[in-house]
Amino acid sequence: MGRRGAALAGLCLLGLGLRADGFLGVRRMPKGTQRLGAISDEVDVDVAPEPVARALVLPEASPSAGHTLETTPFGSKLTVNLGAPGSEEPLVFETGKIGRQANGAVMLTVGDTMLYATVCADKMPQDIDFAPLRVDYQERMSSAGKTKSGFIKRDGRPTEGETLAARIIDRPLRPMLAKGWTHETQVLVWLLSYDGKVNPEPLAVCAASAALAISDVPLKRNVGAVSVEADATGAVRVNSGRTDADAKAMLQMTLAGTETDVLMIEGSADFVPEEEMLKAVEYAQSKVNVIAEAFGEWAEAHGKPKRTDT
């Protein structure tokens, strides 16, 4: 590039251009836009506006939130209604029909989405100083009516998303195991059916927690989990599925906790003020409280006696 080309490039970066008659001209640029390049070959580059803090629109408390217990021919059923936008379908937990040899087995149904969780614990304790807990989460491709392409049709190793979901399940449950529990314990959660209308990750935490609650594995407290999403307008939904509009969402958060305490928060926010974030946490905790209390009553009425031999 010669001297004339270098000078022209410098002028273009400053928003200036060289006219055909050789005189220097100034191009007027719209606000929020930078123009780079010569007059005959302009390139517009959008400049992101300054972020503006927005408020969340939390729904009013619903009197329909609560739970009911039923006895079925095979076992028992727990129905939990959160009474929140995005979770019109109740959470239905069933046990006793399948997985009878496991220490605890629960089938969770929300609309057309179904998750199956089992808990198995070794009979003999180990001579270790930590809780040997293993958590696995698997999403069957058949749950969405799909088949793997290629020569291998079977589900293989866990994907990155499945590994992260297993960690979300593990984080709130591991600290709740009774102190001194050294029996090897395995928690498995399968996504058997998925309709795309709900978020399966908090449901997987609830299914695993329910299986532990009715099993003979001792827990300090019962755990529940919900996800809270706020769209671009600030409207809050609970346990709603991922959509294309989530790229512009103000808030995406998964919260797990007990009846009174918050154990885990994971998510992201787009310039949400601290006061609004605290409101979202309190709102999510109120829904977790409904789930955890329901698990406590279910375990007391239909759960196995807890093992306290270690």
# chains A, B, ... in the order shown; residues from 1 in each chain; ligands from 1

$ residues_around --residues "Thr79 in chain A" --least-positions-apart "6" --cutoff "12 Å" --atoms "only C-alpha atoms" --output "list in words"
Ala65, Gly66, His67, Thr68, Leu69, Glu70, Thr71, Glu89, Pro90, Leu91, Val92, Phe93, Glu94, Thr95, Met107, Leu108, Thr109, Val110, Ala210, Val290, Ile291, Ala294, Phe295, Glu297 and Trp298 of chain A

$ closest_atom_pairs --of "range 176-251 of chain A" --to "range 122-125 of chain A" --cutoff "6 Å" --atoms "only C-alpha atoms" --output "tab-separated table"
residue	atom	partner	partner_atom	distance
A:Thr182	CA	A:Pro125	CA	5.2
A:His183	CA	A:Pro125	CA	4.4
A:Glu184	CA	A:Asp122	CA	5.2

$ write_last_selection --atoms "N, CA, C and O atoms" --output "compact mmCIF listing (two decimals), in the first residue's frame"
# COMPACT_ATOMS: atom_id res chain seq x y z
N THR A 182 -21.45 -44.23 54.29
CA THR A 182 -20.36 -44.71 53.45
C THR A 182 -20.77 -45.88 52.56
O THR A 182 -19.91 -46.58 52.03
N HIS A 183 -22.06 -46.12 52.41
CA HIS A 183 -22.53 -47.15 51.49
C HIS A 183 -22.45 -46.61 50.06
O HIS A 183 -22.89 -45.49 49.79
N GLU A 184 -21.89 -47.42 49.18
CA GLU A 184 -21.81 -46.98 47.79
C GLU A 184 -23.23 -46.79 47.24
O GLU A 184 -24.05 -47.71 47.26

$ residues_around --residues "Glu266 in chain A" --least-positions-apart "3" --cutoff "8 Å" --atoms "only C-alpha atoms" --output "number ranges by chain"
A: 253-255

$ atom_distance --atom1 "CA of Tyr283 in chain A" --atom2 "CA of Tyr194 in chain A"
25.9 Å

$ closest_residue --among "A:Thr185, A:Asn239, A:Asn81, A:Thr260" --to "Thr118 in chain A" --atoms "only C-alpha atoms"
A:Thr185

$ closest_residue --among "A:Ala178, A:Met264, A:Ala280, A:Ala208" --to "Val57 in chain A" --atoms "only C-alpha atoms"
A:Ala280

$ select_by_dssp --residues "range 35-283 of chain A" --states "strand (DSSP E)" --output "NGL selection string"
:A and (35-36 or 43-46 or 66-71 or 76-81 or 91-95 or 104-110 or 113-121 or 133-139 or 185-193 or 224-230 or 236-238 or 251-257 or 262-269)

$ write_last_selection --atoms "C-alpha atoms" --output "short mmCIF file (atom, residue, chain, number, x, y, z; two decimals), in the first residue's frame"
data_model
loop_
_atom_site.label_atom_id
_atom_site.label_comp_id
_atom_site.auth_asym_id
_atom_site.auth_seq_id
_atom_site.Cartn_x
_atom_site.Cartn_y
_atom_site.Cartn_z
CA ARG A 35 -18.92 3.40 8.73
CA LEU A 36 -15.67 1.89 7.57
CA VAL A 43 -19.44 -1.34 5.45
CA ASP A 44 -21.85 -0.65 8.31
CA VAL A 45 -20.90 -1.91 11.73
CA ASP A 46 -23.62 -1.78 14.40
CA GLY A 66 -49.93 -27.44 46.80
CA HIS A 67 -49.80 -31.23 46.64
CA THR A 68 -51.97 -34.32 47.03
CA LEU A 69 -51.14 -37.93 47.98
CA GLU A 70 -52.87 -40.97 46.56
CA THR A 71 -52.58 -44.72 47.01
CA SER A 76 -48.44 -44.40 45.73
CA LYS A 77 -48.64 -41.20 43.71
CA LEU A 78 -47.73 -37.62 44.60
CA THR A 79 -49.11 -34.71 42.59
CA VAL A 80 -47.46 -31.30 43.04
CA ASN A 81 -48.99 -28.15 41.56
CA LEU A 91 -45.60 -32.67 38.63
CA VAL A 92 -46.82 -36.26 39.07
CA PHE A 93 -44.50 -38.65 40.96
CA GLU A 94 -45.34 -42.37 40.98
CA THR A 95 -43.64 -45.31 42.63
CA GLY A 104 -36.05 -46.14 45.55
CA ALA A 105 -37.60 -45.70 42.11
CA VAL A 106 -39.78 -42.82 40.88
CA MET A 107 -41.46 -42.00 37.58
CA LEU A 108 -42.00 -38.27 37.11
CA THR A 109 -44.54 -37.09 34.53
CA VAL A 110 -45.11 -33.48 33.48
CA THR A 113 -42.42 -35.44 29.47
CA MET A 114 -41.41 -38.45 31.57
CA LEU A 115 -38.30 -39.04 33.67
CA TYR A 116 -37.37 -42.21 35.53
CA ALA A 117 -35.05 -42.08 38.54
CA THR A 118 -33.66 -44.94 40.62
CA VAL A 119 -31.51 -45.11 43.75
CA CYS A 120 -29.44 -48.17 44.63
CA ALA A 121 -27.19 -48.48 47.69
CA LEU A 133 -22.24 -41.16 45.54
CA ARG A 134 -22.43 -41.52 41.75
CA VAL A 135 -25.00 -39.66 39.65
CA ASP A 136 -25.72 -40.40 35.98
CA TYR A 137 -28.18 -38.66 33.67
CA GLN A 138 -29.10 -39.85 30.20
CA GLU A 139 -31.38 -38.40 27.56
CA THR A 185 -24.84 -45.21 46.29
CA GLN A 186 -25.84 -44.76 42.68
CA VAL A 187 -28.50 -42.37 41.35
CA LEU A 188 -29.63 -42.87 37.75
CA VAL A 189 -32.02 -40.57 35.89
CA TRP A 190 -33.33 -41.26 32.38
CA LEU A 191 -35.30 -38.90 30.18
CA LEU A 192 -37.75 -41.31 28.56
CA SER A 193 -40.13 -38.88 26.85
CA GLY A 224 -36.46 -29.58 45.29
CA ALA A 225 -35.48 -27.61 42.19
CA VAL A 226 -37.07 -25.27 39.65
CA SER A 227 -35.88 -23.17 36.75
CA VAL A 228 -36.92 -19.54 36.33
CA GLU A 229 -36.81 -17.83 32.96
CA ALA A 230 -37.63 -14.20 32.14
CA VAL A 236 -41.24 -14.80 34.48
CA ARG A 237 -41.94 -18.46 33.71
CA VAL A 238 -41.17 -21.59 35.71
CA LEU A 251 -32.75 -14.27 33.07
CA GLN A 252 -32.21 -18.03 32.99
CA MET A 253 -31.70 -19.58 36.40
CA THR A 254 -31.91 -23.02 37.99
CA LEU A 255 -32.31 -23.04 41.76
CA ALA A 256 -32.22 -26.03 44.11
CA GLY A 257 -32.82 -26.01 47.84
CA VAL A 262 -30.96 -22.35 48.99
CA LEU A 263 -28.35 -24.95 48.05
CA MET A 264 -27.45 -24.14 44.45
CA ILE A 265 -28.01 -21.39 41.89
CA GLU A 266 -26.88 -21.71 38.30
CA GLY A 267 -27.76 -19.50 35.37
CA SER A 268 -27.16 -16.26 33.54
CA ALA A 269 -28.68 -12.78 33.44
#

$ atom_distance --atom1 "CA of Pro172 in chain A" --atom2 "CA of Ile128 in chain A"
21.4 Å

$ atom_distance --atom1 "CA of Ser286 in chain A" --atom2 "CA of Thr163 in chain A"
27.8 Å

$ closest_residue --among "A:Asp270, A:Asp261, A:Asp127, A:Asp216" --to "Ala299 in chain A" --atoms "only C-alpha atoms"
A:Asp216

$ residues_around --residues "Trp181 in chain A" --least-positions-apart "2" --cutoff "9 Å" --atoms "only C-alpha atoms" --output "list in words"
Pro125, Asp129, Phe130, Ala131, Pro132, Leu177, Ala178, Lys179, His183, Glu184, Val217, Pro218, Thr308, Asp309 and Thr310 of chain A

$ decode --residues "range 221-237 of chain A" --atoms "N, CA and C atoms" --output "tab-separated table (two decimals), in the first residue's frame"
chain	number	residue	atom	x	y	z
A	221	ARG	N	-32.26	-33.39	54.73
A	221	ARG	CA	-33.46	-32.66	54.31
A	221	ARG	C	-33.80	-33.06	52.88
A	222	ASN	N	-35.05	-32.86	52.51
A	222	ASN	CA	-35.48	-33.13	51.15
A	222	ASN	C	-35.17	-31.94	50.25
A	223	VAL	N	-34.90	-32.23	48.99
A	223	VAL	CA	-34.43	-31.22	48.05
A	223	VAL	C	-35.44	-31.09	46.90
A	224	GLY	N	-35.65	-29.87	46.47
A	224	GLY	CA	-36.46	-29.58	45.29
A	224	GLY	C	-35.71	-28.62	44.38
A	225	ALA	N	-36.16	-28.49	43.15
A	225	ALA	CA	-35.48	-27.61	42.19
A	225	ALA	C	-36.48	-27.10	41.17
A	226	VAL	N	-36.28	-25.87	40.72
A	226	VAL	CA	-37.07	-25.27	39.65
A	226	VAL	C	-36.14	-24.42	38.80
A	227	SER	N	-36.57	-24.13	37.59
A	227	SER	CA	-35.88	-23.17	36.75
A	227	SER	C	-36.79	-21.97	36.53
A	228	VAL	N	-36.19	-20.79	36.52
A	228	VAL	CA	-36.92	-19.54	36.33
A	228	VAL	C	-36.35	-18.85	35.11
A	229	GLU	N	-37.22	-18.53	34.16
A	229	GLU	CA	-36.81	-17.83	32.96
A	229	GLU	C	-37.62	-16.55	32.82
A	230	ALA	N	-36.97	-15.47	32.40
A	230	ALA	CA	-37.63	-14.20	32.14
A	230	ALA	C	-37.33	-13.79	30.70
A	231	ASP	N	-38.39	-13.53	29.91
A	231	ASP	CA	-38.18	-13.17	28.51
A	231	ASP	C	-37.76	-11.71	28.39
A	232	ALA	N	-37.73	-11.20	27.17
A	232	ALA	CA	-37.23	-9.85	26.95
A	232	ALA	C	-38.11	-8.79	27.61
A	233	THR	N	-39.37	-9.10	27.85
A	233	THR	CA	-40.26	-8.15	28.51
A	233	THR	C	-40.20	-8.24	30.03
A	234	GLY	N	-39.50	-9.25	30.56
A	234	GLY	CA	-39.40	-9.42	32.00
A	234	GLY	C	-40.40	-10.38	32.59
A	235	ALA	N	-41.29	-10.94	31.76
A	235	ALA	CA	-42.28	-11.89	32.26
A	235	ALA	C	-41.59	-13.19	32.69
A	236	VAL	N	-41.92	-13.66	33.87
A	236	VAL	CA	-41.24	-14.80	34.48
A	236	VAL	C	-42.05	-16.07	34.24
A	237	ARG	N	-41.35	-17.13	33.87
A	237	ARG	CA	-41.94	-18.46	33.71
A	237	ARG	C	-41.15	-19.46	34.55
